[in-house]
Amino acid sequence: MPLVRIDASSVHDDATLAAFGDVVHQALVDALGIPQDDFFQVITRHEPHELRYDPAYLGVSRDDGIVFVGITMRAGRLYEQKKALYARIAELAEERTSVEPRNVFVTITENQQVDWSFGEGVAQYLH
């Protein structure tokens, strides 16, 4: 169950950000095999000055079109699966949105089954 947080500059409109959210979800389905209905996202638009980044860190040329993607999910995915996920997000972003692959910044944070409650105050993964 990934929880996806997308932070983007106001240079992107609502339709682009919605499409980008769909891109991230499709990449999770394709690369990690998550269920199609396992869909939880928070998308936040910021003024350009509210997103700070190095425009050339590690040789990648970024600009105010940058989109930060934070994915929180259960631990256990292989390195190759994660690499495939990064590549798939960038690929689909280029195909389906105006977000350029060079502006796609992705992080993954992993946790355990006990760290999730989907509502009603219950740790559903433990039952």
# chains A, B, ... in the order shown; residues from 1 in each chain; ligands from 1
>>> select_by_dssp(residues="chain A", states="helix (DSSP H, G or I)", output="CSV table (one decimal) with N, CA, C and O atoms, in the first residue's frame")
chain,number,residue,atom,x,y,z
A,14,ASP,N,-3.9,22.1,-13.0
A,14,ASP,CA,-4.6,21.0,-12.4
A,14,ASP,C,-4.6,19.7,-13.2
A,14,ASP,O,-4.4,18.6,-12.7
A,15,ALA,N,-4.8,19.9,-14.5
A,15,ALA,CA,-4.9,18.7,-15.4
A,15,ALA,C,-3.6,18.0,-15.5
A,15,ALA,O,-3.5,16.8,-15.4
A,16,THR,N,-2.5,18.8,-15.5
A,16,THR,CA,-1.2,18.1,-15.6
A,16,THR,C,-0.9,17.4,-14.3
A,16,THR,O,-0.3,16.3,-14.3
A,17,LEU,N,-1.2,18.0,-13.1
A,17,LEU,CA,-0.9,17.3,-11.9
A,17,LEU,C,-1.8,16.1,-11.7
A,17,LEU,O,-1.3,15.1,-11.1
A,18,ALA,N,-3.0,16.2,-12.1
A,18,ALA,CA,-3.9,15.0,-12.0
A,18,ALA,C,-3.3,13.9,-12.9
A,18,ALA,O,-3.2,12.7,-12.5
A,19,ALA,N,-2.9,14.2,-14.1
A,19,ALA,CA,-2.3,13.2,-15.0
A,19,ALA,C,-1.0,12.7,-14.5
A,19,ALA,O,-0.7,11.5,-14.6
A,20,PHE,N,-0.2,13.5,-13.8
A,20,PHE,CA,1.0,13.1,-13.2
A,20,PHE,C,0.7,12.1,-12.1
A,20,PHE,O,1.4,11.1,-11.9
A,21,GLY,N,-0.3,12.4,-11.3
A,21,GLY,CA,-0.7,11.4,-10.3
A,21,GLY,C,-1.1,10.1,-10.9
A,21,GLY,O,-0.7,9.0,-10.3
A,22,ASP,N,-1.8,10.1,-12.0
A,22,ASP,CA,-2.2,8.9,-12.7
A,22,ASP,C,-0.9,8.1,-13.2
A,22,ASP,O,-0.8,6.9,-13.1
A,23,VAL,N,0.1,8.9,-13.6
A,23,VAL,CA,1.3,8.3,-14.1
A,23,VAL,C,2.0,7.6,-13.0
A,23,VAL,O,2.5,6.4,-13.2
A,24,VAL,N,2.1,8.2,-11.8
A,24,VAL,CA,2.8,7.6,-10.7
A,24,VAL,C,2.1,6.3,-10.3
A,24,VAL,O,2.7,5.2,-10.1
A,25,HIS,N,0.8,6.4,-10.3
A,25,HIS,CA,0.0,5.2,-9.9
A,25,HIS,C,0.2,4.0,-10.9
A,25,HIS,O,0.4,2.9,-10.5
A,26,GLN,N,0.1,4.4,-12.2
A,26,GLN,CA,0.3,3.3,-13.2
A,26,GLN,C,1.7,2.7,-13.1
A,26,GLN,O,1.9,1.5,-13.3
A,27,ALA,N,2.7,3.6,-12.8
A,27,ALA,CA,4.1,3.1,-12.7
A,27,ALA,C,4.2,2.1,-11.5
A,27,ALA,O,4.9,1.1,-11.6
A,28,LEU,N,3.5,2.4,-10.4
A,28,LEU,CA,3.5,1.5,-9.3
A,28,LEU,C,2.9,0.2,-9.6
A,28,LEU,O,3.3,-0.9,-9.2
A,29,VAL,N,1.8,0.2,-10.4
A,29,VAL,CA,1.1,-1.0,-10.8
A,29,VAL,C,2.0,-1.8,-11.8
A,29,VAL,O,2.3,-3.0,-11.6
A,30,ASP,N,2.6,-1.1,-12.7
A,30,ASP,CA,3.5,-1.8,-13.7
A,30,ASP,C,4.8,-2.3,-13.1
A,30,ASP,O,5.2,-3.5,-13.4
A,31,ALA,N,5.5,-1.5,-12.3
A,31,ALA,CA,6.8,-1.9,-11.8
A,31,ALA,C,6.8,-2.8,-10.6
A,31,ALA,O,7.7,-3.6,-10.4
A,32,LEU,N,5.8,-2.5,-9.7
A,32,LEU,CA,5.8,-3.2,-8.4
A,32,LEU,C,4.6,-4.2,-8.3
A,32,LEU,O,4.5,-5.0,-7.3
A,48,PRO,N,6.8,28.7,-7.0
A,48,PRO,CA,8.1,28.3,-7.4
A,48,PRO,C,9.2,28.5,-6.3
A,48,PRO,O,10.0,27.7,-6.1
A,49,HIS,N,9.1,29.6,-5.6
A,49,HIS,CA,10.1,29.9,-4.5
A,49,HIS,C,10.0,29.0,-3.3
A,49,HIS,O,10.8,28.9,-2.5
A,50,GLU,N,8.9,28.2,-3.2
A,50,GLU,CA,8.7,27.3,-2.1
A,50,GLU,C,9.3,25.9,-2.3
A,50,GLU,O,9.4,25.2,-1.3
A,57,TYR,N,22.4,19.2,-9.6
A,57,TYR,CA,23.0,18.2,-8.7
A,57,TYR,C,23.1,16.9,-9.4
A,57,TYR,O,22.2,16.4,-10.1
A,58,LEU,N,24.2,16.2,-9.3
A,58,LEU,CA,24.5,14.9,-10.0
A,58,LEU,C,24.4,15.0,-11.5
A,58,LEU,O,24.1,14.0,-12.2
A,59,GLY,N,24.6,16.2,-12.1
A,59,GLY,CA,24.6,16.4,-13.5
A,59,GLY,C,23.2,16.4,-14.2
A,59,GLY,O,23.1,16.3,-15.4
A,79,TYR,N,16.0,-4.0,-5.3
A,79,TYR,CA,16.6,-2.8,-5.9
A,79,TYR,C,16.2,-2.7,-7.4
A,79,TYR,O,15.9,-1.6,-7.9
A,80,GLU,N,16.1,-3.8,-8.1
A,80,GLU,CA,15.7,-3.8,-9.5
A,80,GLU,C,14.3,-3.3,-9.7
A,80,GLU,O,14.0,-2.6,-10.7
A,81,GLN,N,13.4,-3.6,-8.8
A,81,GLN,CA,12.0,-3.2,-8.8
A,81,GLN,C,12.0,-1.7,-8.6
A,81,GLN,O,11.2,-1.0,-9.3
A,82,LYS,N,12.7,-1.2,-7.7
A,82,LYS,CA,12.8,0.3,-7.4
A,82,LYS,C,13.3,1.0,-8.6
A,82,LYS,O,12.8,2.1,-9.1
A,83,LYS,N,14.4,0.5,-9.2
A,83,LYS,CA,15.0,1.2,-10.4
A,83,LYS,C,14.0,1.2,-11.5
A,83,LYS,O,13.8,2.1,-12.3
A,84,ALA,N,13.2,0.1,-11.7
A,84,ALA,CA,12.2,0.0,-12.7
A,84,ALA,C,11.1,1.0,-12.5
A,84,ALA,O,10.6,1.6,-13.4
A,85,LEU,N,10.8,1.2,-11.2
A,85,LEU,CA,9.7,2.2,-10.9
A,85,LEU,C,10.2,3.6,-11.2
A,85,LEU,O,9.4,4.3,-11.9
A,86,TYR,N,11.4,4.0,-10.9
A,86,TYR,CA,11.9,5.3,-11.2
A,86,TYR,C,11.8,5.5,-12.7
A,86,TYR,O,11.4,6.6,-13.2
A,87,ALA,N,12.3,4.5,-13.5
A,87,ALA,CA,12.3,4.6,-14.9
A,87,ALA,C,10.9,4.7,-15.5
A,87,ALA,O,10.7,5.5,-16.4
A,88,ARG,N,10.0,3.9,-15.0
A,88,ARG,CA,8.6,3.9,-15.5
A,88,ARG,C,7.9,5.3,-15.2
A,88,ARG,O,7.2,5.8,-16.1
A,89,ILE,N,8.1,5.8,-14.0
A,89,ILE,CA,7.5,7.1,-13.7
A,89,ILE,C,8.0,8.2,-14.7
A,89,ILE,O,7.2,8.9,-15.3
A,90,ALA,N,9.3,8.2,-14.9
A,90,ALA,CA,9.9,9.2,-15.9
A,90,ALA,C,9.4,9.0,-17.3
A,90,ALA,O,9.1,9.9,-18.0
A,91,GLU,N,9.3,7.7,-17.7
A,91,GLU,CA,8.9,7.4,-19.1
A,91,GLU,C,7.4,7.8,-19.3
A,91,GLU,O,7.1,8.5,-20.3
A,92,LEU,N,6.5,7.4,-18.3
A,92,LEU,CA,5.1,7.8,-18.5
A,92,LEU,C,4.9,9.3,-18.3
A,92,LEU,O,4.0,9.9,-19.0
A,93,ALA,N,5.7,10.0,-17.5
A,93,ALA,CA,5.6,11.4,-17.4
A,93,ALA,C,5.9,12.1,-18.7
A,93,ALA,O,5.2,13.0,-19.1
A,94,GLU,N,6.9,11.6,-19.4
A,94,GLU,CA,7.2,12.2,-20.7
A,94,GLU,C,6.1,11.9,-21.7
A,94,GLU,O,5.8,12.8,-22.5
A,95,GLU,N,5.6,10.7,-21.7
A,95,GLU,CA,4.5,10.4,-22.6
A,95,GLU,C,3.2,11.1,-22.4
A,95,GLU,O,2.5,11.4,-23.3
A,96,ARG,N,2.8,11.3,-21.1
A,96,ARG,CA,1.4,11.7,-20.8
A,96,ARG,C,1.3,13.0,-20.2
A,96,ARG,O,0.1,13.5,-19.9
A,101,PRO,N,11.3,14.3,-17.9
A,101,PRO,CA,12.0,13.3,-17.0
A,101,PRO,C,13.1,13.9,-16.1
A,101,PRO,O,13.3,13.5,-15.0
A,102,ARG,N,13.8,14.9,-16.6
A,102,ARG,CA,14.8,15.5,-15.8
A,102,ARG,C,14.3,16.2,-14.6
A,102,ARG,O,15.0,16.5,-13.7
A,103,ASN,N,13.0,16.5,-14.6
A,103,ASN,CA,12.4,17.2,-13.5
A,103,ASN,C,11.6,16.3,-12.6
A,103,ASN,O,10.8,16.8,-11.7
A,113,GLN,N,4.4,-3.6,8.3
A,113,GLN,CA,3.0,-3.8,8.3
A,113,GLN,C,2.3,-3.1,9.4
A,113,GLN,O,1.2,-2.6,9.3
A,114,VAL,N,2.9,-3.1,10.6
A,114,VAL,CA,2.3,-2.5,11.7
A,114,VAL,C,2.1,-0.9,11.6
A,114,VAL,O,1.4,-0.3,12.4
A,115,ASP,N,2.8,-0.4,10.6
A,115,ASP,CA,2.8,1.1,10.5
A,115,ASP,C,1.7,1.6,9.7
A,115,ASP,O,1.7,2.8,9.3
A,124,GLN,N,-5.0,-3.0,9.8
A,124,GLN,CA,-5.6,-4.0,9.0
A,124,GLN,C,-4.6,-5.1,8.5
A,124,GLN,O,-4.9,-6.2,8.4
A,125,TYR,N,-3.4,-4.7,8.3
A,125,TYR,CA,-2.4,-5.7,7.8
A,125,TYR,C,-2.0,-6.7,8.8
A,125,TYR,O,-1.4,-7.7,8.5
A,126,LEU,N,-2.3,-6.4,10.1
A,126,LEU,CA,-2.0,-7.3,11.2
A,126,LEU,C,-3.1,-8.3,11.5
A,126,LEU,O,-2.9,-9.2,12.3
>>> select_by_dssp(residues="chain A", states="strand (DSSP E or B)", output="compact mmCIF listing (two decimals) with N, CA, C and O atoms, in the first residue's frame")
# COMPACT_ATOMS: atom_id res chain seq x y z
N LEU A 3 1.62 5.17 -0.12
CA LEU A 3 1.05 6.50 0.03
C LEU A 3 1.97 7.41 -0.76
O LEU A 3 3.17 7.46 -0.50
N VAL A 4 1.42 8.11 -1.73
CA VAL A 4 2.20 8.95 -2.63
C VAL A 4 1.93 10.41 -2.31
O VAL A 4 0.77 10.83 -2.23
N ARG A 5 3.00 11.17 -2.15
CA ARG A 5 2.91 12.61 -1.97
C ARG A 5 3.63 13.26 -3.14
O ARG A 5 4.79 12.95 -3.40
N ILE A 6 2.92 14.13 -3.82
CA ILE A 6 3.47 14.81 -4.99
C ILE A 6 3.48 16.31 -4.68
O ILE A 6 2.44 16.89 -4.37
N ASP A 7 4.66 16.90 -4.76
CA ASP A 7 4.81 18.33 -4.55
C ASP A 7 5.34 18.92 -5.85
O ASP A 7 6.39 18.50 -6.35
N ALA A 8 4.61 19.89 -6.38
CA ALA A 8 4.96 20.46 -7.68
C ALA A 8 4.81 21.97 -7.65
O ALA A 8 4.06 22.52 -6.84
N SER A 9 5.49 22.60 -8.57
CA SER A 9 5.42 24.04 -8.72
C SER A 9 4.11 24.46 -9.38
O SER A 9 3.50 23.70 -10.13
N GLN A 41 -3.13 9.22 -2.67
CA GLN A 41 -2.19 10.27 -3.07
C GLN A 41 -2.58 11.60 -2.43
O GLN A 41 -3.75 11.88 -2.22
N VAL A 42 -1.56 12.40 -2.18
CA VAL A 42 -1.72 13.79 -1.77
C VAL A 42 -0.92 14.61 -2.77
O VAL A 42 0.28 14.40 -2.93
N ILE A 43 -1.60 15.52 -3.47
CA ILE A 43 -0.94 16.35 -4.47
C ILE A 43 -1.02 17.80 -3.99
O ILE A 43 -2.11 18.31 -3.73
N THR A 44 0.15 18.44 -3.90
CA THR A 44 0.22 19.82 -3.42
C THR A 44 0.97 20.68 -4.42
O THR A 44 2.05 20.31 -4.87
N ARG A 45 0.37 21.81 -4.73
CA ARG A 45 1.01 22.77 -5.63
C ARG A 45 1.63 23.88 -4.78
O ARG A 45 1.04 24.33 -3.81
N HIS A 46 2.82 24.30 -5.17
CA HIS A 46 3.56 25.32 -4.45
C HIS A 46 3.95 26.46 -5.38
O HIS A 46 4.09 26.26 -6.59
N VAL A 67 9.11 18.21 -10.07
CA VAL A 67 8.04 17.56 -9.30
C VAL A 67 8.71 16.58 -8.35
O VAL A 67 9.47 15.70 -8.77
N PHE A 68 8.43 16.74 -7.06
CA PHE A 68 8.95 15.83 -6.04
C PHE A 68 7.90 14.76 -5.78
O PHE A 68 6.73 15.08 -5.54
N VAL A 69 8.31 13.51 -5.82
CA VAL A 69 7.42 12.38 -5.56
C VAL A 69 7.98 11.61 -4.37
O VAL A 69 9.08 11.08 -4.43
N GLY A 70 7.21 11.57 -3.30
CA GLY A 70 7.59 10.81 -2.11
C GLY A 70 6.65 9.62 -1.99
O GLY A 70 5.43 9.78 -1.93
N ILE A 71 7.23 8.42 -1.98
CA ILE A 71 6.43 7.20 -1.90
C ILE A 71 6.76 6.50 -0.59
O ILE A 71 7.91 6.14 -0.34
N THR A 72 5.74 6.30 0.24
CA THR A 72 5.89 5.54 1.47
C THR A 72 5.23 4.19 1.23
O THR A 72 4.07 4.14 0.80
N MET A 73 5.97 3.11 1.50
CA MET A 73 5.42 1.77 1.25
C MET A 73 6.09 0.76 2.17
O MET A 73 7.12 1.05 2.79
N ARG A 74 5.49 -0.41 2.23
CA ARG A 74 6.06 -1.49 3.04
C ARG A 74 7.41 -1.91 2.48
O ARG A 74 7.63 -1.92 1.27
N VAL A 104 11.78 15.00 -12.71
CA VAL A 104 11.09 14.02 -11.86
C VAL A 104 12.05 13.55 -10.78
O VAL A 104 13.05 12.88 -11.05
N PHE A 105 11.76 13.90 -9.54
CA PHE A 105 12.60 13.59 -8.38
C PHE A 105 11.81 12.65 -7.48
O PHE A 105 10.74 13.02 -6.99
N VAL A 106 12.28 11.42 -7.28
CA VAL A 106 11.52 10.40 -6.56
C VAL A 106 12.30 9.91 -5.34
O VAL A 106 13.50 9.63 -5.45
N THR A 107 11.61 9.78 -4.22
CA THR A 107 12.18 9.13 -3.04
C THR A 107 11.22 8.06 -2.56
O THR A 107 10.00 8.16 -2.72
N ILE A 108 11.80 7.03 -1.95
CA ILE A 108 11.00 5.95 -1.36
C ILE A 108 11.36 5.85 0.12
O ILE A 108 12.54 5.82 0.47
N THR A 109 10.34 5.78 0.95
CA THR A 109 10.51 5.52 2.37
C THR A 109 9.77 4.23 2.68
O THR A 109 8.60 4.09 2.31
N GLU A 110 10.46 3.31 3.33
CA GLU A 110 9.85 2.01 3.62
C GLU A 110 9.52 1.87 5.10
O GLU A 110 10.20 2.45 5.95
N ASN A 111 8.48 1.10 5.37
CA ASN A 111 8.10 0.81 6.75
C ASN A 111 7.56 -0.61 6.83
O ASN A 111 7.69 -1.38 5.87
>>> closest_residue(among="A:Asp13, A:Glu47, A:Glu100, A:Asp38", to="A:Ile66", atoms="only C-alpha atoms")
A:Glu100
>>> atom_distance(atom1="atom CA of A:Asp64", atom2="atom CA of A:Arg52")
9.2 Å
>>> closest_residue(among="A:Met1, A:Leu78, A:Val99, A:Val122", to="A:Ile34", atoms="only C-alpha atoms")
A:Met1
>>> atom_distance(atom1="atom CA of A:His127", atom2="atom CA of A:Gln112")
13.9 Å
>>> atom_distance(atom1="atom CA of A:His12", atom2="atom CA of A:Ser98")
8.3 Å
